[in-house]
Amino acid sequence: MTKRPTSPLGASRLPPSQRLFVPRDLGRLVPWSLRLFVVFLLVSALTSSAHAHDPHEAFATVTLLPDRLELEITMAASTALKLIDPDGKFPPLRPENIAEHRPRLTREAELLFIVTSERKPLKPLKADLELTPENDLVFTVKYPPPTAGRLLFSAAFLRRLGEGYGGIIEVNDRHGQNLGWEQLQWAQPNFDLTLPQETPAR
């Protein structure tokens, strides 16, 4: 599966996390003060949606850097806790108890995705996590840089969570250019794209 195509309605090729719609004739229809207020509301809504999301949804952003592949996964703290406590015996994750669960959650971070480059698994180099004020858990996992060719991401954690869970994954290069994105589901947890061979600098 390659880059997600644009919608038939002519929507932007940007992934959902980067879309911001402002009417083309906004400046002609409203005064500048109201214009600023509308833009402020749109930006605020976009920012809030990136943090306060459905606990059944996770968001993954991949950044391809010269020396590594960096994968950031954001999910509700309650969802992350379910991965290490499927029976629901632990209290909710809070700043005061995150240190107690950090070792298990860090190990879990390395298992969230299976990443393969040209059919060769990329082993995690380092994993970290952060509990946000919005009570989301943000995992950051670093891998060796992939080679040119097929790059596959399999959201193993969705299989474990079960029916009803899903998310979105997007892949960006080191310049922030989006290379592709896809909506993932527990029954369809894979996304792949083809990385071109880099042209040597002259």
# chains A, B, ... in the order shown; residues from 1 in each chain; ligands from 1

$ select_by_dssp --residues "region 22-190 of chain A" --states "strand (DSSP E or B)" --output "ChimeraX atom specification"
/A:57-65,68-76,113-117,120-121,126-131,136-143,149-155,166-172,178-185,188,190

$ atom_distance --atom1 "CA of Pro124 (chain A)" --atom2 "CA of Thr79 (chain A)"
21.6 Å

$ residues_around --residues "Val115 (chain A)" --least-positions-apart "6" --cutoff "6 Å" --atoms "only C-alpha atoms" --output "list in words"
Pro121, Leu122, Leu152 and Phe153 of chain A

$ closest_residue --among "A:Leu161, A:Glu118, A:Leu179, A:Ala77" --to "Ile98 (chain A)" --atoms "only C-alpha atoms"
A:Ala77

$ closest_residue --among "A:Ile114, A:Ile168, A:Ala58, A:Leu71" --to "Thr140 (chain A)" --atoms "only C-alpha atoms"
A:Leu71

$ closest_residue --among "A:Leu125, A:Thr194, A:Gln185, A:Val138" --to "Arg68 (chain A)" --atoms "only C-alpha atoms"
A:Leu125

$ residues_around --residues "Leu129 (chain A)" --least-positions-apart "5" --cutoff "12 Å" --atoms "only C-alpha atoms" --output "VMD selection string"
chain A and resid 71 to 75 77 80 98 to 99 101 to 110 136 to 142

$ closest_residue --among "A:Arg160, A:Pro144, A:Asp67, A:Pro133" --to "Pro86 (chain A)" --atoms "only C-alpha atoms"
A:Arg160

$ closest_residue --among "A:Ala76, A:Asn172, A:Leu69, A:Asn178" --to "Glu134 (chain A)" --atoms "only C-alpha atoms"
A:Ala76

$ select_by_dssp --residues "region 83-189 of chain A" --states "helix (DSSP H, G or I)" --output "list in words"
Leu83, Ile84, Ile98, Ala99, Glu100, His101, Arg102, Pro103, Arg104, Leu105, Thr106, Arg107, Glu108, Ala109, Ala156, Phe157, Leu158, Arg159, Arg160 and Leu161 of chain A
